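Comments concern the structure below.
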Amino acid sequence: MLLNFNKKFNDLSVTATLGSSLLDSKYIQTGYDNGYLLNFANFFSATNLNLTKVNLKDVNDRTQLQAVFFSGQLGYKDMLFLEATARNDWASQLANTPNESFFYPSVGLNAIVSKMVSLPEAISFAKMRASYSEVGNPVPNYKTITTYNVFNGQASVSKNEPFTDLKPELTKSFEIGTDLRFMKDKLSFSVTYYHTNTYNQFFTVNADKGSLYDTRFINAGNIRNQGIESRLAYQADFGALKWNPSINFSFNRNKVLEMLNVTDPNTGITTVQDKFDLGYTQVRLGGSYGDIYGSDFQKDANGNVIVDADGLPMATQEPVKLGNFNPDYLLGFSNSFNYKNFSLNFLVDFRIGGQVSSGTESTMDIYGVTQRTADARDNGGVQIYDKLIPAQTYFNRAATIGSQYIYSATNIRLRETSIGYTFPAKVFNNRIQGIQISLIGRNLWMIYKKAPFDPEVTASTGNGYQAFDYFNQPSLRSFGLSLKVNF
Amino acid sequence: MKLKMKNINKSILFIAVAILVLVQSACKKNFDLYATNPKQLTDSLYSIDYKNIGGYLPQMQTTVFPTDVNSYQVGQNLNADIFSGYMGTQHAFNSGLNNANYALVPSWNHEPFNIGYNVFASWAAIKQRASNYPDFIAVATIIKVESLHRVTDVYGPIPYSKVGTVAFGTPYDAQQSVYNAFFVDLDGAIKSLQDFSATADAVTKTRLRQFDLVFGGDISKWIKFANSLKLRLAMRLVYVDAALAQKKAEEAVAAGVMTDNADNAMVKSANGVTVNNPIPVIVKDYDDIRMGASAESILKGYNDPRLASYYIPSTTTGTPYRGIRNGNEDDTKRPSYSAFSQLNIQASTPIQWMVAAEMFFLRAEGALRGWNMNGTAQSLYETGIATSFAQRNVGSANAYISNSTSLPAAYADPVTPAQSITAQSTITIKWNAGDSFERNLERIITQKWISIFPDGQEAWTEFRRTGYPKIFPVLNNRSGGLIPGFIRRLPFTDQEYSTNAAEVQKAISLLGGPDNGGTKLWWDKK
């Protein structure tokens with residue numbers, strides 16, 4: 001439901017919206033899985049299932065988010081705008097807690113400087129903007145009211161402590177930026193700096209057994225993201241030939257400022273958790289999301305690899321940081337040319353920095369099917385200090401050490417190219433406005449890469465396994481034909 | 001005109017806000033409903049027919065000795081059962097480095113702890129809700145002691161008095177405090193059941209039946225079991241606090257312990273709950289467990305008629321019963337060992353918590369020590385054997401009781417000859433009042449060991465307390481020097497080290513020694 005208001009009073013303009021919304025989500029699943037067919041091949045019916053082996057699924061997940069929101073803009077002479085929003089949410093996930101209702105505001109100021117002061121003629125437009133906002137996010141469902149799982153008609157003890165002071169996740173962001181246009185809008189530049197902190201994240205932590213719970217739920221943490229997004233574009237006009245190049249440049253820096261640190265009010269005992277193990281990445285206090293952890297060679301104070309009694313290098317006991325899968329910088333260079341009815345576009349992407357890891361290489365080294373292992377075998381083994389270690393023995397040890405399979409993720413690629421031709425309206429006696437045919441190719445040319453696989457293909461979309469190659473399918477090159485008809 | 005417009009605007013705004021507020025407050029009352037998982041049981045549905053109280057009893061009873069095969073395998077079978085000498089494993093788990101040769105496996109050895117606290121959680125659920133059901137609380141408390149005494153006898157200090165009261169970091173109690181709390185808990189439960197029996201009407205007295213897989217709701221049998229457990233726990237303390245041991249043991253015997261196989265505590269299918277004994281799956285499906293070499297030596301040496309009731313003849317030629325001495329490190333030998341004797345236990349075999357024969361042997365030991373056990377050491381010893389024979393249905397025990405010549409036999413391993421070993425004991429069956437105290441104690445404990453098969457946990461615990469029976473040591477001790485001789489305990493769990501590190505450090509000081517398998521427990525003082 002929305003209620004809008006627009007009004008102009010001399011130099012002032014007012015726009016306001018008051019609204020409410022209701023988002024009701026339901027997920028219902030009833031059925032079997034792990035179904036073994038009982039008797040007849042390829043007959044897929046619940047009547048042909050081995051009922052002693054199936055898992056009965058009966059899921060009904062429902063949440064409701066209600067909101068009342070206000071947004072308003074106050075303009076002064078179409079050059080200075082103050083914007084504010086306010087929103088109150090009620091989330092069913094937070095029922096049975098004092099935090100069922102939560103409020104979050106935002107405020108922003110935009111100034112069109114080019115209308116306020118007279119600028120050199122080269123600057124055709126200038127705008128400054130700044131804003132602060134808060135956003136609340138509800139948490140997973142069914143954490144605040146205890147219910148009992150039933151299996152085979154028997155109820156089990158609830159091993160999760162109900163979370164009766166569960167809070168919504170809160171993100172606070174500040175951003176400041178400018179939009180500039182020069183030379184009669186031919187050259188444009190925009191840049192934004194942002195800084196966000198996310199608090200009250202939902203954590204599930206293992207409990208000690210004496211608490212009689214397996215897990216408990218905690219709101220904790222402070223994760224900071226900050227970075228810059230910018231764009232530089234130009235419109236060149238050489239008569240029949242038009243060229244529009246643009247460059248996008250951005251980077252993000254992430255830091256985990258706070259993790260779990262709670263003090264039990266009853267005992268005064270403080271529980272601190274400064275890392276979460278996600279498999280091949282770990283989230284650690286003071287580190288960044290996407291930090292890759294694994295074993296490395298054990299080294300002495302002088303950096304020399306330590307070997308065991310058999311002369312083999314030894315792996316570190318504790319995992320060490322080997323890299324981070326996020327890029328340091330992203331840069332995109334896009335070009336579009338138009339000549340009469342022809343058009344040509346291409347986009348080159350630069351992804352600079354970051355690391356990836358390959359389980360494929362490590363596994364193949366263990367089986368001795370890489371060039372590396374073949375060369376080592378032909379050389380009679382691998383020389384470590386004064387010992388020649390047989391290739392198989394060496395790789396059976398070294399291939400289990402994660403640091404050997406970390407590669408730079410830096411890559412440059414021609415991500416997209418298209419060539420098009422537009423048949424103008426007059427060809428069709430103006431019955432249709434035009435037809436555009438284009439040929440599009442994606443991922444045509446990997447101009448530069450260091451990793452032995454496409455570092456942007458991931459084994460899993462799960463948080464912990466991004467940029468991890470384990471017999472991944474190769475990346476795809478695709479071609480397409482597009483036909484656009486305008487009426 | 002202008003004024004009118006403004007009024008209209010204001011009215012619209014007012015109505016809109018009013019509608020928003022009304023809609024909002026009307027809908028929100030369903031939030032508790034949406035936040036309640038409709039596919040799980042709520043407290044109100046669970047409480048119908050007091051299932052939210054009684055329903056926990058079968059859970060507890062099938063968890064003490066878990067009917068879940070994997071839980072039982074690492075919770076008891078691959079530690080206490082093989083440490084007891086009853087069983088041996090042919091499977092060279094972890095490339096031959098595992099519990100069987102004292103290369104302890106942390107991912108197995110947390111399970112006895114987890115089992116105990118699962119039982120504890122069910123007890124807490126009953127305790128919280130059953131203020132009008134003293135019988136349920138008392139029975140649950142007895143089961144809690146039955147379960148947790150097995151936990152403390154594995155690890156030493158455990159969380160007990162502060163369990164469930166602390167959000168983070170539950171403290172451990174010294175084993176002495178835990179044992180004292182067991183006596184308080186058992187005495188309280190016995191008193192509570194006696195009061196309940198005296199005051200409740202006939203119908204109320206039967207309400208336990210529909211949930212009870214052990215005694216079918218028979219309150220008098222629960223009282224007898226609680227006293228029997230008290231006698232077992234009392235005797236445990238004899239080398240650390242003889243006066244307390246005697247006092248508690250005499251109290252228990254005077255109050256009445258199990259005297260008949262009808263009193264035996266066995267978990268069996270009832271009330272629509274099927275109880276499957278986990279051992280046959282481990283023996284047959286997993287192909288992980290066979291008869292132990294010590295059992296072969298003792299039972300074969302004594303020509304014991306219970307041998308056929310405990311084990312199945314081996315499929316190898318030559319000797320019909322063959323056991324495995326623990327510590328096979330070569331998995332290629334597994335098929336040869338698999339031909340050795342399996343355990344004669346079926347899925348339908350009830351799970352044994354305690355038998356009457358054990359009580360006679362405990363009383364025999366007490367009488368040997370000069371305590372008032374309502375009988376002489378010899379008569380109690382002989383009744384213990386006869387009770388076990390009756391339980392196993394193997395005929396008269398008279399000839400066996402008077403056998404003064406048979407001795408434990410040497411063990412020969414045809415698969416790994418290095419595992420062959422001479423007999424460890426010269427103890428005979430027939431009572432000999434002229435023998436030394438130690439020889440008669442060995443006689444009692446050896447016969448108790450035979451009688452309480454297949455409860456490897458109690459057998460291993462009593463072996464640690466007394467040193468009997470003289471079972472075979474492991475050939476290759478892979479503990480890295482941490483376990484001299486026989487294993488005394490399991491280390492605190494990996495999970496507790498990660499979730500309760502500060503309290504585990506304090507528990508190590510309560511333990512009084514390093515946290516490994518070689519440190520003796522508080523009562524282990526002989």
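Each chain in the structure tokens gets a letter, A, B and so on, in the order shown; residues start at 1 in every chain, and ligands are counted from 1 in the order they appear.
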
(request) Tell me the residues of chain A close to chain B, meaning within 7 Å using only C-alpha atoms, as number ranges by chain. (result) A: 20, 58-60, 62-63, 92-93, 95-96, 141-142, 145, 147-150, 157, 206-212, 264, 269

Writing out the chosen residues with C-alpha atoms as a compact mmCIF listing (two decimals), in the first residue's frame:
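Contents of out-v6.txt, as written:
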# COMPACT_ATOMS: atom_id res chain seq x y z
CA SER A 20 3.38 -0.46 4.06
CA ASP A 58 8.06 -32.93 5.85
CA VAL A 59 9.04 -29.29 5.84
CA ASN A 60 6.91 -26.22 6.26
CA ARG A 62 6.94 -19.85 6.86
CA THR A 63 8.04 -16.32 7.58
CA SER A 92 7.92 -13.26 12.49
CA GLN A 93 11.34 -14.91 12.89
CA ALA A 95 8.57 -13.60 17.65
CA ASN A 96 9.08 -14.53 21.30
CA ASN A 141 13.47 -19.00 11.21
CA TYR A 142 12.43 -21.26 14.10
CA ILE A 145 10.43 -21.20 20.18
CA THR A 147 9.84 -27.57 19.25
CA TYR A 148 10.77 -31.24 19.16
CA ASN A 149 11.89 -33.15 16.14
CA VAL A 150 9.91 -36.35 15.61
CA VAL A 157 15.23 -33.79 23.15
CA ASN A 206 28.93 -25.54 19.65
CA ALA A 207 28.06 -25.79 23.31
CA ASP A 208 29.90 -27.84 25.90
CA LYS A 209 28.09 -31.09 26.64
CA GLY A 210 27.49 -30.22 30.28
CA SER A 211 25.20 -27.42 29.14
CA LEU A 212 22.94 -30.21 27.78
CA ASP A 264 27.67 -15.26 30.54
CA ILE A 269 32.70 -16.53 32.03

(request) May I have the residues within 8 Å of Asp185 in chain B as an MDAnalysis selection string, using only C-alpha atoms and disregarding those fewer than 5 positions away in the same chain? (result) chainID B and resid 141:142 145

Report as a PDB file with C-alpha atoms, in the first residue's frame all protein, DNA and RNA residues lying within 7 Å of Lys430 in chain B, evaluated on only C-alpha atoms, omitting residues in the same chain fewer than 4 positions from it.
ATOM      1  CA  ILE B 401      31.793 -75.455  41.128  1.00  0.00           C
ATOM      2  CA  SER B 402      33.727 -78.458  42.409  1.00  0.00           C
ATOM      3  CA  ASN B 403      36.288 -78.432  39.564  1.00  0.00           C
ATOM      4  CA  SER B 404      39.653 -77.885  41.289  1.00  0.00           C
TER       5      SER B 404
END

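Ranking A:Leu232, A:Ile247, A:Met259, A:Ile406 by their shortest atom-to-atom distance to Thr198 in chain A, with only C-alpha atoms included, puts A:Met259 first.
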
(request) Find, counting only C-alpha atoms, the residue in A:Arg87, A:Lys7, A:Lys275, A:Arg216 that gets nearest to Phe69 in chain A. (result)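 Checking each candidate against Phe69 in chain A, we get A:Arg87 as the closest.
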
(message) To test your reading of the structure, identify every residue in range 306-507 of chain B that backbone DSSP assigns to helix (DSSP H, G or I), and report it as a VMD selection string.
(response) chain B and resid 307 to 310 331 to 338 356 to 368 377 to 392 398 to 401 417 to 419 437 to 451 456 to 466 494 to 499 501 to 507

(message) Quick check, in Å to one decimal: how far apart do CA of Gly108 in chain A and CA of Phe182 in chain A lie?
(response)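 The value is 25.0 Å.
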
Set the distance at 8 Å and use only C-alpha atoms: which residues neighbour Glu442 in chain B once local chain neighbours fewer than 6 positions away are removed? I'd like the list as a CSV table (one decimal) with N, CA and C atoms, in the first residue's frame.
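Result file is out_7.csv:
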chain,number,residue,atom,x,y,z
B,427,ILE,N,44.6,-69.7,38.5
B,427,ILE,CA,43.5,-69.7,39.4
B,427,ILE,C,42.5,-70.8,39.0
B,468,TYR,N,42.1,-58.2,38.0
B,468,TYR,CA,41.6,-59.5,37.6
B,468,TYR,C,40.4,-59.4,36.7
B,469,PRO,N,40.2,-60.4,35.9
B,469,PRO,CA,41.0,-61.6,35.7
B,469,PRO,C,42.3,-61.2,35.0

(request) Choose the residue, out of B:Ser269, B:Asn277, B:Ser420, B:Gln61, that has the smallest atom-to-atom separation from Ile324 in chain B; count only C-alpha atoms. (result) B:Ser420

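Contact shell of Ala398 in chain A at 9 Å (only C-alpha atoms; same-chain neighbours under 2 positions omitted): Phe297, Leu312, Pro313, Met314, Ala315, Ser362, Asp365, Ile366, Thr393, Tyr394, Phe395, Asn396, Thr400, Ile401, Gly402 and Gln404 of chain A.
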
File of the preceding selection, N, CA and C atoms, as a compact mmCIF listing (two decimals), in the first residue's frame:
# COMPACT_ATOMS: atom_id res chain seq x y z
N PHE A 297 55.03 -25.90 4.18
CA PHE A 297 56.23 -26.60 4.64
C PHE A 297 56.63 -26.05 6.00
N LEU A 312 62.04 -36.26 4.12
CA LEU A 312 60.88 -35.66 3.46
C LEU A 312 60.49 -34.36 4.15
N PRO A 313 60.03 -33.38 3.37
CA PRO A 313 59.59 -32.12 3.99
C PRO A 313 58.38 -32.38 4.87
N MET A 314 58.27 -31.61 5.96
CA MET A 314 57.15 -31.81 6.88
C MET A 314 56.15 -30.68 6.74
N ALA A 315 54.87 -31.03 6.92
CA ALA A 315 53.80 -30.03 6.82
C ALA A 315 53.59 -29.39 8.19
N SER A 362 46.86 -31.20 -7.15
CA SER A 362 47.40 -31.98 -6.04
C SER A 362 47.05 -33.46 -6.19
N ASP A 365 49.11 -35.01 -8.91
CA ASP A 365 50.48 -35.24 -8.46
C ASP A 365 50.58 -36.50 -7.62
N ILE A 366 49.57 -36.71 -6.77
CA ILE A 366 49.58 -37.91 -5.93
C ILE A 366 49.55 -39.16 -6.80
N THR A 393 57.50 -41.07 -3.60
CA THR A 393 57.56 -40.79 -2.16
C THR A 393 57.45 -39.30 -1.91
N TYR A 394 58.19 -38.52 -2.73
CA TYR A 394 58.18 -37.08 -2.55
C TYR A 394 56.77 -36.51 -2.76
N PHE A 395 56.13 -36.88 -3.86
CA PHE A 395 54.84 -36.26 -4.16
C PHE A 395 53.74 -36.76 -3.23
N ASN A 396 53.87 -38.00 -2.74
CA ASN A 396 52.88 -38.45 -1.77
C ASN A 396 52.88 -37.56 -0.54
N THR A 400 50.31 -33.22 -0.45
CA THR A 400 49.30 -33.01 0.57
C THR A 400 49.49 -31.65 1.25
N ILE A 401 50.50 -30.91 0.82
CA ILE A 401 50.79 -29.62 1.46
C ILE A 401 50.15 -28.51 0.64
N GLY A 402 49.17 -27.85 1.25
CA GLY A 402 48.29 -26.93 0.52
C GLY A 402 49.02 -25.80 -0.17
N GLN A 404 51.52 -25.67 -1.87
CA GLN A 404 52.09 -25.99 -3.18
C GLN A 404 51.11 -25.74 -4.31
